[in-house]
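**Q** Provided herewith: target-v8.cif, mmCIF, C-alpha atoms.
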```cif
data_data
loop_
_atom_site.label_atom_id
_atom_site.label_comp_id
_atom_site.auth_asym_id
_atom_site.auth_seq_id
_atom_site.Cartn_x
_atom_site.Cartn_y
_atom_site.Cartn_z
CA MET A 1 176.41 147.56 152.68
CA GLY A 2 175.60 147.89 149.02
CA ASN A 3 172.21 147.87 147.44
CA GLY A 4 170.49 144.55 146.89
CA ARG A 5 169.24 144.08 143.40
CA SER A 6 166.81 141.47 142.29
CA SER A 7 164.79 141.81 139.12
CA PRO A 8 162.74 138.65 138.47
CA GLU A 9 160.82 138.64 135.23
CA GLN A 10 157.27 139.89 135.69
CA ARG A 11 154.38 138.05 134.10
CA PRO A 12 152.48 140.27 131.66
CA ASP A 13 149.29 141.81 133.01
CA PRO A 14 146.17 140.66 131.10
CA ASP A 15 144.79 144.20 130.83
CA GLU A 16 148.10 145.36 129.40
CA LEU A 17 147.90 142.58 126.79
CA LEU A 18 144.41 143.67 125.75
CA ASP A 19 145.67 147.20 125.21
CA ARG A 20 148.89 146.08 123.53
CA TYR A 21 147.11 143.95 120.95
CA HIS A 22 144.04 146.24 120.57
CA LEU A 23 141.60 143.61 121.77
CA ARG A 24 139.23 145.71 123.85
CA GLU A 25 136.14 144.87 121.79
CA PRO A 26 133.58 142.72 123.65
CA ALA A 27 134.38 139.02 123.71
CA PRO A 28 131.97 136.69 121.90
CA SER A 29 129.62 134.65 124.02
CA ALA A 30 130.73 131.19 124.96
CA ALA A 31 129.65 128.37 122.70
CA GLY A 32 127.34 125.70 123.97
CA ALA A 33 128.78 122.85 125.94
CA GLY A 34 130.02 119.94 123.94
CA ASN A 35 131.70 116.67 124.70
CA GLY A 36 135.07 118.31 125.25
CA ASP A 37 137.70 117.87 127.93
CA ASP A 38 136.27 118.98 131.28
CA SER A 39 139.35 120.87 132.45
CA ASP A 40 139.63 122.76 129.18
CA ASP A 41 135.93 123.62 129.10
CA GLU A 42 136.02 124.86 132.68
CA ALA A 43 139.08 126.98 132.03
CA ARG A 44 137.51 128.46 128.89
CA SER A 45 134.15 129.19 130.52
CA SER A 46 135.93 130.77 133.50
CA ALA A 47 137.95 132.98 131.17
CA ASP A 48 134.84 134.03 129.24
CA ALA A 49 132.89 134.78 132.40
CA SER A 50 135.66 136.84 133.92
CA SER A 51 136.07 138.83 130.71
CA ALA A 52 132.34 139.51 130.56
CA ASP A 53 132.18 141.07 134.01
CA GLY A 54 135.41 143.05 133.58
CA ARG A 55 137.67 140.85 135.70
CA HIS A 56 141.00 139.42 134.57
CA PRO A 57 140.72 136.22 132.51
CA ALA A 58 141.78 132.99 134.23
CA ARG A 59 145.40 132.16 133.49
CA GLY A 60 145.94 129.40 130.96
CA ARG A 61 147.75 126.17 131.80
CA LEU A 62 151.12 125.16 130.36
CA ARG A 63 151.84 121.56 129.38
CA ILE A 64 155.32 120.68 128.12
CA TYR A 65 156.41 117.57 126.25
CA LEU A 66 160.07 117.09 127.26
CA GLY A 67 162.59 114.99 125.35
CA MET A 68 166.27 114.10 125.38
CA ALA A 69 166.90 115.14 121.76
CA ALA A 70 165.32 115.86 118.39
CA GLY A 71 163.37 112.98 116.86
CA VAL A 72 161.96 111.37 120.02
CA GLY A 73 158.39 112.34 119.03
CA LYS A 74 157.59 115.50 121.03
CA THR A 75 155.92 117.40 118.18
CA TYR A 76 154.03 114.26 117.13
CA ALA A 77 152.77 113.82 120.70
CA MET A 78 151.75 117.49 120.93
CA LEU A 79 149.78 117.35 117.68
CA ASN A 80 148.23 114.02 118.65
CA GLU A 81 146.99 115.52 121.91
CA GLY A 82 145.61 118.49 119.97
CA GLN A 83 143.65 116.10 117.77
CA ARG A 84 142.29 114.21 120.78
CA ARG A 85 141.15 117.41 122.48
CA GLN A 86 139.54 118.70 119.31
CA GLN A 87 137.64 115.43 118.88
CA ARG A 88 136.30 115.91 122.42
CA GLY A 89 134.97 119.34 121.46
CA THR A 90 137.79 121.61 122.69
CA ASP A 91 138.67 124.66 120.55
CA VAL A 92 142.29 123.96 119.49
CA VAL A 93 144.55 125.90 117.11
CA VAL A 94 148.11 125.43 115.89
CA GLY A 95 150.01 128.54 116.96
CA TYR A 96 153.33 127.35 115.55
CA VAL A 97 154.62 123.95 114.53
CA GLU A 98 157.80 122.75 112.82
CA THR A 99 157.36 119.42 111.04
CA HIS A 100 160.95 119.42 109.71
CA GLN A 101 159.54 117.71 106.60
CA ARG A 102 158.75 114.56 108.60
CA PRO A 103 155.72 112.98 106.88
CA HIS A 104 154.29 111.27 109.97
CA THR A 105 154.48 114.52 111.95
CA ALA A 106 152.87 116.56 109.14
CA GLU A 107 150.01 114.03 108.91
CA GLN A 108 149.17 114.65 112.58
CA ILE A 109 148.18 118.27 111.83
CA GLY A 110 145.17 116.94 109.96
CA ASP A 111 142.23 119.36 110.12
CA LEU A 112 143.57 121.42 113.03
CA GLU A 113 143.19 125.16 112.40
CA ILE A 114 146.57 126.81 111.75
CA ILE A 115 147.03 130.47 112.70
CA PRO A 116 148.99 132.18 109.87
CA ARG A 117 152.50 133.17 110.87
CA GLN A 118 153.74 136.72 111.30
CA ARG A 119 156.16 137.77 108.54
CA ILE A 120 159.10 139.89 109.72
CA PRO A 121 161.45 141.54 107.18
CA TYR A 122 165.08 141.17 108.25
CA LYS A 123 167.92 142.45 106.04
CA SER A 124 167.31 140.84 102.64
CA VAL A 125 165.01 138.05 103.80
CA THR A 126 161.57 137.65 105.35
CA LEU A 127 161.36 135.52 108.47
CA GLU A 128 158.27 133.87 109.94
CA GLU A 129 157.35 133.78 113.60
CA MET A 130 154.30 132.94 115.67
CA ASP A 131 151.62 135.65 115.48
CA VAL A 132 150.80 136.18 119.15
CA ALA A 133 148.30 138.99 118.50
CA ALA A 134 146.36 136.84 116.02
CA ILE A 135 146.14 133.93 118.49
CA ILE A 136 144.91 136.18 121.31
CA ALA A 137 142.37 137.78 118.95
CA ARG A 138 141.16 134.31 117.91
CA ARG A 139 140.78 133.32 121.62
CA PRO A 140 141.04 129.51 121.37
CA ALA A 141 140.89 127.31 124.45
CA VAL A 142 144.19 125.63 123.53
CA ALA A 143 147.15 126.68 121.37
CA LEU A 144 149.85 124.25 120.20
CA VAL A 145 153.25 125.95 120.19
CA ASP A 146 156.32 124.00 119.10
CA GLU A 147 159.96 124.62 120.16
CA LEU A 148 159.53 126.58 123.38
CA ALA A 149 163.22 127.62 123.57
CA HIS A 150 163.22 129.18 120.08
CA THR A 151 164.85 132.60 119.64
CA ASN A 152 162.60 134.97 117.69
CA ALA A 153 163.69 137.01 114.70
CA PRO A 154 164.92 140.57 115.31
CA GLY A 155 161.93 142.88 115.24
CA ALA A 156 159.58 140.48 117.02
CA ARG A 157 157.84 141.75 120.15
CA HIS A 158 159.77 139.36 122.40
CA ALA A 159 163.27 137.94 122.07
CA LYS A 160 162.19 134.39 122.96
CA ARG A 161 159.19 132.23 122.19
CA TYR A 162 158.62 131.28 125.82
CA GLN A 163 157.90 134.98 126.44
CA ASP A 164 155.26 134.85 123.68
CA VAL A 165 153.79 131.82 125.42
CA GLU A 166 153.62 133.75 128.69
CA ASP A 167 151.47 136.34 126.87
CA LEU A 168 149.13 133.57 125.72
CA LEU A 169 148.88 132.09 129.21
CA ALA A 170 148.16 135.51 130.71
CA ALA A 171 145.36 135.94 128.15
CA GLY A 172 143.70 132.76 129.48
CA ILE A 173 144.83 130.41 126.68
CA THR A 174 146.14 126.95 127.57
CA VAL A 175 149.40 126.15 125.75
CA ILE A 176 150.85 122.75 124.85
CA SER A 177 154.51 122.98 123.86
CA THR A 178 157.73 121.01 123.33
CA LEU A 179 161.25 121.26 124.75
CA ASN A 180 164.54 119.36 124.56
CA ILE A 181 166.51 118.92 127.78
CA GLN A 182 169.64 120.56 126.36
CA HIS A 183 167.87 123.92 126.10
CA LEU A 184 167.56 124.42 129.88
CA GLU A 185 169.90 127.22 130.95
CA GLY A 186 170.82 125.52 134.22
CA LEU A 187 172.14 122.46 132.36
CA ASN A 188 173.99 124.37 129.64
CA ASP A 189 177.51 123.61 130.83
CA ILE A 190 176.70 119.98 131.65
CA VAL A 191 175.27 119.44 128.16
CA GLU A 192 178.37 121.03 126.66
CA SER A 193 180.63 118.72 128.69
CA ILE A 194 178.63 115.71 127.43
CA THR A 195 178.25 116.62 123.77
CA GLY A 196 181.01 119.17 123.11
CA VAL A 197 178.35 121.54 121.77
CA ARG A 198 177.25 124.73 123.57
CA GLN A 199 173.56 125.41 123.09
CA ARG A 200 172.86 129.00 122.05
CA GLU A 201 169.08 128.73 122.39
CA THR A 202 168.17 128.35 126.06
CA LEU A 203 165.35 129.29 128.39
CA PRO A 204 165.25 129.80 132.18
CA ASP A 205 164.66 126.63 134.17
CA ARG A 206 161.78 128.37 135.95
CA VAL A 207 159.68 127.92 132.77
CA LEU A 208 159.83 124.14 133.21
CA ASP A 209 159.50 124.42 136.99
CA GLU A 210 156.36 126.55 136.73
CA ALA A 211 154.68 124.44 134.03
CA ASP A 212 151.44 122.84 135.15
CA GLU A 213 152.27 119.53 133.49
CA VAL A 214 155.50 117.99 132.16
CA GLU A 215 155.39 114.74 130.23
CA LEU A 216 158.55 112.94 129.17
CA VAL A 217 158.56 111.62 125.61
CA ASP A 218 161.05 108.79 126.02
CA ILE A 219 162.68 106.39 123.61
CA ALA A 220 165.70 104.13 123.93
CA PRO A 221 168.89 105.67 122.45
CA ASP A 222 169.36 102.76 120.06
CA ALA A 223 165.77 103.13 118.81
CA LEU A 224 166.34 106.85 118.16
CA ARG A 225 169.54 106.06 116.24
CA SER A 226 167.52 103.57 114.22
CA ARG A 227 165.05 106.35 113.35
CA LEU A 228 167.94 108.45 112.10
CA ARG A 229 169.31 105.63 109.95
CA HIS A 230 165.87 105.17 108.35
CA GLY A 231 165.64 108.87 107.50
CA ASN A 232 162.77 109.58 109.90
CA VAL A 233 164.52 112.47 111.66
CA TYR A 234 166.96 114.13 109.24
CA PRO A 235 167.57 113.83 105.50
CA GLU A 236 169.98 111.05 104.58
CA GLU A 237 172.91 113.40 104.00
CA ARG A 238 172.61 114.79 107.56
CA ALA A 239 171.69 111.58 109.35
CA GLN A 240 175.11 109.91 109.22
CA ARG A 241 176.91 113.04 110.47
CA ALA A 242 174.41 113.23 113.34
CA LEU A 243 174.92 109.56 114.21
CA ASP A 244 178.69 110.01 114.29
CA ASN A 245 178.57 113.14 116.45
CA TYR A 246 175.73 114.50 118.58
CA PHE A 247 173.58 111.35 118.39
CA SER A 248 176.24 108.92 119.61
CA MET A 249 175.09 106.26 122.07
CA SER A 250 177.06 107.82 124.92
CA ASN A 251 175.64 111.30 124.31
CA LEU A 252 172.05 110.10 124.02
CA THR A 253 172.33 107.93 127.13
CA ALA A 254 173.62 110.86 129.18
CA LEU A 255 170.98 113.26 127.80
CA ARG A 256 168.28 110.69 128.49
CA GLU A 257 169.43 110.47 132.11
CA LEU A 258 169.20 114.28 132.43
CA ALA A 259 165.67 114.27 131.00
CA LEU A 260 164.58 111.45 133.30
CA ARG A 261 166.03 113.20 136.34
CA ARG A 262 164.35 116.52 135.61
CA THR A 263 161.00 114.84 135.01
CA ALA A 264 161.37 112.96 138.29
CA GLU A 265 162.23 116.20 140.11
CA LYS A 266 159.13 117.87 138.68
CA THR A 267 156.98 114.93 139.75
CA GLU A 268 158.48 114.96 143.25
CA THR A 269 157.76 118.69 143.62
CA GLN A 270 154.14 118.19 142.58
CA LEU A 271 153.77 115.23 144.94
CA GLU A 272 155.15 117.27 147.86
CA GLY A 273 152.59 119.97 147.11
CA LEU A 274 149.74 117.44 147.09
CA MET A 275 150.93 115.91 150.36
CA ARG A 276 150.97 119.36 151.95
CA GLY A 277 147.46 119.98 150.63
CA ALA A 278 148.59 122.84 148.37
CA GLU A 279 146.80 123.20 145.06
CA GLU A 280 149.73 124.99 143.46
CA VAL A 281 153.41 124.95 144.37
CA GLY A 282 155.75 127.57 142.90
CA ALA A 283 159.22 126.60 141.76
CA SER A 284 160.77 128.29 144.81
CA ALA A 285 157.98 128.05 147.39
CA TRP A 286 160.25 126.01 149.63
CA ALA A 287 162.78 128.86 149.68
CA ARG A 288 160.70 130.85 152.15
CA THR A 289 161.18 128.27 154.92
CA ALA A 290 164.46 126.66 153.85
CA THR A 291 167.16 126.16 156.49
CA GLU A 292 169.91 125.98 153.86
CA ARG A 293 170.99 129.11 151.99
CA VAL A 294 173.48 129.07 149.11
CA MET A 295 175.71 131.98 148.07
CA VAL A 296 177.80 132.01 144.91
CA ALA A 297 180.54 134.62 144.49
CA PHE A 298 181.29 135.71 140.94
CA ASP A 299 183.21 138.29 138.95
CA ALA A 300 183.57 139.12 135.25
CA ARG A 301 185.67 136.11 134.26
CA PRO A 302 184.09 133.50 131.92
CA HIS A 303 184.57 130.87 134.65
CA SER A 304 181.75 132.60 136.56
CA GLN A 305 179.10 131.10 134.23
CA GLN A 306 180.12 127.68 135.52
CA LEU A 307 180.12 128.92 139.13
CA ILE A 308 176.59 130.34 138.89
CA ARG A 309 175.23 127.13 137.34
CA ASP A 310 177.04 124.98 139.92
CA GLY A 311 175.64 127.16 142.71
CA TRP A 312 172.16 126.90 141.22
CA ARG A 313 172.38 123.09 141.03
CA LEU A 314 173.54 122.94 144.66
CA ALA A 315 170.68 125.21 145.74
CA ARG A 316 168.18 123.18 143.74
CA GLY A 317 169.38 119.94 145.30
CA LEU A 318 169.16 121.42 148.80
CA LYS A 319 165.85 123.15 148.03
CA ALA A 320 167.48 126.37 149.17
CA PRO A 321 167.36 129.99 147.96
CA LEU A 322 170.35 131.17 145.91
CA LEU A 323 172.20 134.45 146.44
CA ALA A 324 174.63 135.55 143.69
CA VAL A 325 177.14 138.14 144.97
CA THR A 326 179.68 140.28 143.17
CA VAL A 327 182.01 142.70 144.98
CA GLY A 328 182.89 146.11 143.53
CA GLY A 329 185.58 148.56 144.57
CA ALA A 330 188.51 146.16 144.39
CA PRO A 331 190.08 144.00 141.64
CA TRP A 332 189.65 140.26 141.85
CA PRO A 333 193.07 138.59 141.69
CA GLY A 334 193.79 137.73 138.09
CA GLY A 335 191.27 140.29 136.76
CA ALA A 336 192.24 143.08 134.35
CA ARG A 337 191.37 146.51 135.76
CA SER A 338 194.00 148.79 134.29
CA HIS A 339 192.42 150.10 131.09
CA SER A 340 189.03 151.65 130.45
CA ALA A 341 188.40 149.24 127.56
CA HIS A 342 188.90 146.33 129.94
CA LEU A 343 186.60 147.97 132.46
CA ASN A 344 183.88 148.32 129.84
CA GLN A 345 184.30 144.68 128.84
CA GLU A 346 184.07 143.62 132.48
CA ASP A 347 180.92 145.69 132.99
CA ASP A 348 179.30 144.04 129.96
CA ALA A 349 180.36 140.60 131.21
CA LEU A 350 178.99 141.29 134.69
CA ARG A 351 175.63 142.39 133.31
CA ALA A 352 175.40 139.19 131.25
CA LEU A 353 176.26 137.09 134.31
CA GLU A 354 173.69 138.93 136.43
CA ARG A 355 171.03 138.17 133.80
CA LEU A 356 172.07 134.50 133.87
CA ALA A 357 171.77 134.40 137.67
CA GLU A 358 168.36 136.10 137.57
CA ASP A 359 167.15 133.70 134.87
CA LEU A 360 168.07 130.86 137.23
CA GLY A 361 166.03 132.45 140.00
CA ALA A 362 168.89 133.86 142.10
CA GLU A 363 168.79 137.08 144.06
CA VAL A 364 171.64 139.19 142.68
CA LEU A 365 173.54 141.37 145.14
CA HIS A 366 176.25 143.92 144.30
CA VAL A 367 178.25 145.07 147.31
CA GLU A 368 181.15 147.48 147.67
CA GLY A 369 184.31 146.53 149.52
CA PHE A 370 188.06 146.65 148.98
CA ASP A 371 188.74 143.37 150.79
CA ILE A 372 186.77 140.83 148.77
CA ALA A 373 187.13 137.92 151.20
CA ALA A 374 186.09 140.00 154.21
CA THR A 375 183.14 141.46 152.29
CA LEU A 376 181.94 138.02 151.19
CA ALA A 377 182.28 136.70 154.74
CA ARG A 378 180.25 139.64 156.07
CA VAL A 379 177.46 139.05 153.52
CA ALA A 380 177.44 135.33 154.38
CA ARG A 381 177.00 136.07 158.09
CA GLU A 382 174.35 138.76 157.57
CA ARG A 383 172.31 136.61 155.19
CA ARG A 384 172.80 133.43 157.27
CA VAL A 385 174.36 131.58 154.33
CA THR A 386 175.13 127.90 154.91
CA GLN A 387 176.89 127.05 151.63
CA ILE A 388 179.35 129.24 149.68
CA VAL A 389 180.43 128.48 146.10
CA ILE A 390 183.57 130.23 144.84
CA GLY A 391 186.01 129.65 141.99
CA GLN A 392 189.48 128.21 142.34
CA PRO A 393 192.19 130.94 142.30
CA THR A 394 193.61 131.73 138.88
CA GLN A 395 196.44 134.01 140.03
CA PRO A 396 200.08 132.84 139.91
CA ARG A 397 201.24 130.76 142.88
CA TRP A 398 203.85 133.33 143.94
CA ARG A 399 201.18 136.02 144.18
CA ALA A 400 198.98 133.84 146.35
CA MET A 401 201.95 133.06 148.63
CA PHE A 402 202.87 136.71 149.19
CA LEU A 403 199.47 138.43 149.00
CA GLY A 404 197.08 135.60 149.79
CA SER A 405 194.18 134.48 147.60
CA VAL A 406 190.53 135.39 148.08
CA VAL A 407 189.75 131.70 148.59
CA ASN A 408 192.39 131.15 151.28
CA ARG A 409 191.37 134.29 153.19
CA LEU A 410 187.68 133.31 152.92
CA LEU A 411 188.46 129.83 154.26
CA ARG A 412 190.03 131.43 157.34
CA ALA A 413 187.20 133.96 157.81
CA PRO A 414 184.41 133.27 160.34
CA THR A 415 181.51 132.57 157.97
CA GLY A 416 179.86 129.56 159.61
CA ALA A 417 179.28 128.13 156.11
CA ASP A 418 180.60 125.20 154.11
CA ILE A 419 182.77 126.46 151.26
CA HIS A 420 182.84 124.76 147.86
CA VAL A 421 185.88 125.63 145.70
CA VAL A 422 185.10 124.92 142.05
CA PRO A 423 187.97 124.27 139.60
CA GLN A 424 187.77 125.66 136.10
CA ARG A 425 186.85 122.90 133.69
CA ALA A 426 188.70 122.90 130.40
CA ALA A 427 186.52 123.54 127.34
CA ARG A 428 186.05 120.55 125.06
CA GLN A 429 187.11 120.73 121.47
CA GLY A 430 184.90 119.67 118.61
#
```
How would this structure read if it were set down as structure tokens?

**A**
Amino acid sequence: MGNGRSSPEQRPDPDELLDRYHLREPAPSAAGAGNGDDSDDEARSSADASSADGRHPARGRLRIYLGMAAGVGKTYAMLNEGQRRQQRGTDVVVGYVETHQRPHTAEQIGDLEIIPRQRIPYKSVTLEEMDVAAIIARRPAVALVDELAHTNAPGARHAKRYQDVEDLLAAGITVISTLNIQHLEGLNDIVESITGVRQRETLPDRVLDEADEVELVDIAPDALRSRLRHGNVYPEERAQRALDNYFSMSNLTALRELALRRTAEKTETQLEGLMRGAEEVGASAWARTATERVMVAFDARPHSQQLIRDGWRLARGLKAPLLAVTVGGAPWPGGARSHSAHLNQEDDALRALERLAEDLGAEVLHVEGFDIAATLARVARERRVTQIVIGQPTQPRWRAMFLGSVVNRLLRAPTGADIHVVPQRAARQG
């Protein structure tokens, strides 16, 4: 059997962060107790104490304001919470905020301390990003960081802002952030089928799953459309185009349902942990004792993105671990394997798909075998898989009749698993 490969993202080590950002000088003594938020004060004093005696600082907490779309009030709610905490004596800074020239949002910043942004030269322009090193050096109790799914400018330390936030959390800083439902990687194809727009800025669903608190900022679709018409979200010249396209009633209603469902799932997971008496429940803690196991088979074709996401949603619904398997050594029917250029393209596509599967928390397995169906069946038996997700055949009917398709041969193989055959959905125009 081939080599199993699983490379989950590792959280940054606090000591490594201190070295990376040159922050080894002694930490200042903790300020006297005020009338601040108890949980924040305890987290801050714990972090200070652990730093003083050489131990790792306590990990910060992550709170996410989740919304169905732009304009529901996530940034306003984040800043408002920052103001409340500051008034109670908590040390709060603005790490990064985008007001989008909305007056009511800008007013909420008030007297909150703003950490200057990092300026990054790129081609003929200078871009601004959150200055992670400056925030860690400042050592606040709480940092407000807008737009968690943001993609950083080339030249920044991390590609994505959520990775910057993980550095802050590892340094013992609590982070309050914002996120729209369409930026979750696991819902990317569903959002595209609803809106006709593929989101380029996404983050792994585990970020939301592992957050300590998720609060839904909800508003009725018609009320959000009213905000747009009054110019409270976009300038007048953009508002009407948005109302006619992305912000249609049908789109907003469907996105709202997605946001409500994910918030309910998060609440259910936390409730299950409390009922079991666990103080903390990881996003995949149930996977260790799950009776269901899901396997998704993929190759280099674009359809595999849909398969991996469908497999992930099935595994999530069943509370089961997900195994993503690709078979090397034989061509998938319908795949191009005759030219080296095609082989290079397929290798690049496979690597991208493996990263997608890993981002969704799957164990990625690459196995060698000339008979794809037999190899998949063997893996399913050895790993005690109960559900298999595979794509509908794309080869011509005559080829399937004479040579047989991978799907048909897998259906006849002794796997002991339910097999889900996923058709390729046509891409929407617009």

**Q** Just checking: using all atoms listed in the file, which residue out of A:Val364, A:Val385, A:Ile64, A:Ala58 ends up closest to Val207 in chain A?

**A** A:Ile64

**Q** Name the residues that the PyMOL selection byres ((chain A and resi 168) around 9) pulls out of this structure, and write them as an NGL selection string.

**A** :A and (59-60 or 132 or 135-136 or 143 or 163-167 or 169-175)

**Q** Using all atoms listed in the file, which of A:Glu363, A:Asp212, A:Glu129, A:Glu358 sits nearest Met295 in chain A?

**A**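 Ranking A:Glu363, A:Asp212, A:Glu129, A:Glu358 by distance to Met295 in chain A, first place goes to A:Glu363.
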
**Q** Find, counting all atoms listed in the file, the residue in A:Val294, A:Leu144, A:Leu62, A:Ile114 that gets nearest to Gly82 in chain A.

**A** A:Leu144

**Q** Could you give me, as a list in words, the residues within 12 Å of Lys123 in chain A, counting only C-alpha atoms and dropping anything in the same chain fewer than 5 positions from it?

**A** Ala153, Pro154 and Gly155 of chain A

**Q** Identify the residues around (171.9, 136.7, 154.5) within a radius of 12 Å, measuring from only C-alpha atoms in the coordinates stated by the file, and give them as a PyMOL selection string.

**A** chain A and resi 1+4+291-295+321-325+363+365+376-388+415-417

**Q** Any chance you could resolve the PyMOL selection byres ((chain A and resi 391) around 7) against this file and give the residues as a PDB file with C-alpha atoms, in the frame of the given file?

**A**
```pdb
ATOM      1  CA  LEU A 307     180.120 128.920 139.130  1.00  0.00           C
ATOM      2  CA  ILE A 390     183.570 130.230 144.840  1.00  0.00           C
ATOM      3  CA  GLN A 392     189.480 128.210 142.340  1.00  0.00           C
ATOM      4  CA  PRO A 393     192.190 130.940 142.300  1.00  0.00           C
ATOM      5  CA  VAL A 421     185.880 125.630 145.700  1.00  0.00           C
ATOM      6  CA  VAL A 422     185.100 124.920 142.050  1.00  0.00           C
ATOM      7  CA  PRO A 423     187.970 124.270 139.600  1.00  0.00           C
TER       8      PRO A 423
END
```

**Q** Can you work out which one of A:Glu128, A:Asp218, A:Glu213, A:Asp189 has the shortest atom-to-atom distance to Leu260 in chain A, counting all atoms listed in the file?

**A**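 Smallest separation from Leu260 in chain A among the options: A:Asp218.
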
**Q** At what distance in Å, to one decimal, does CA of Glu368 in chain A lie from CA of Ser405 in chain A?

**A**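 CA of Ser405 in chain A sits 18.4 Å away from CA of Glu368 in chain A.
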
**Q** Give me the residues within 7 Å of range 90-100 of chain A as a PyMOL selection string, counting only C-alpha atoms and dropping any in the same chain fewer than 5 places off.

**A** chain A and resi 36-37+40-41+82+85+105-106+112-115+130+135+140-146

**Q** Using CA of Ala374 in chain A and CA of Val389 in chain A as the two end points, give the distance in Å to one decimal.

**A** 15.2 Å

**Q** Could you build a table of the residues in range 58-105 of chain A lying no more than 12 Å from range 227-246 of chain A, giving for each the nearest pair of atoms and their separation in Å rounded to one decimal place, using only C-alpha atoms, ordered by chain and ascending residue number, as CSV?

**A**
```
residue,atom,partner,partner_atom,distance
A:Met68,CA,A:Tyr246,CA,11.7
A:Ala69,CA,A:Tyr246,CA,9.4
A:Ala70,CA,A:Val233,CA,7.6
A:Gly71,CA,A:Val233,CA,5.4
A:Val72,CA,A:Val233,CA,8.8
A:Gly73,CA,A:Val233,CA,9.6
A:Thr75,CA,A:Val233,CA,11.9
A:Tyr76,CA,A:Val233,CA,12.0
A:Thr99,CA,A:Val233,CA,10.0
A:His100,CA,A:Tyr234,CA,8.0
A:Gln101,CA,A:Tyr234,CA,8.7
A:Arg102,CA,A:Asn232,CA,6.5
A:Pro103,CA,A:Asn232,CA,8.4
A:His104,CA,A:Asn232,CA,8.6
A:Thr105,CA,A:Asn232,CA,9.9
```

**Q** CA of Arg261 in chain A and CA of Arg84 in chain A are how many Å apart?

**A**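 Going from CA of Arg261 in chain A over to CA of Arg84 in chain A, I get 28.4 Å.
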
**Q** Would you mind telling me which residue in A:Leu79, A:Leu258, A:Val191, A:Leu66 lies nearest to Val214 in chain A when using all atoms listed in the file?

**A** A:Leu66

**Q** Go through A:Ile120, A:Ile194, A:Leu350, A:Leu203 and flag the residue nearest His150 in chain A, using only C-alpha atoms for the distances.

**A**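 So, comparing all the options, the nearest one is A:Leu203.
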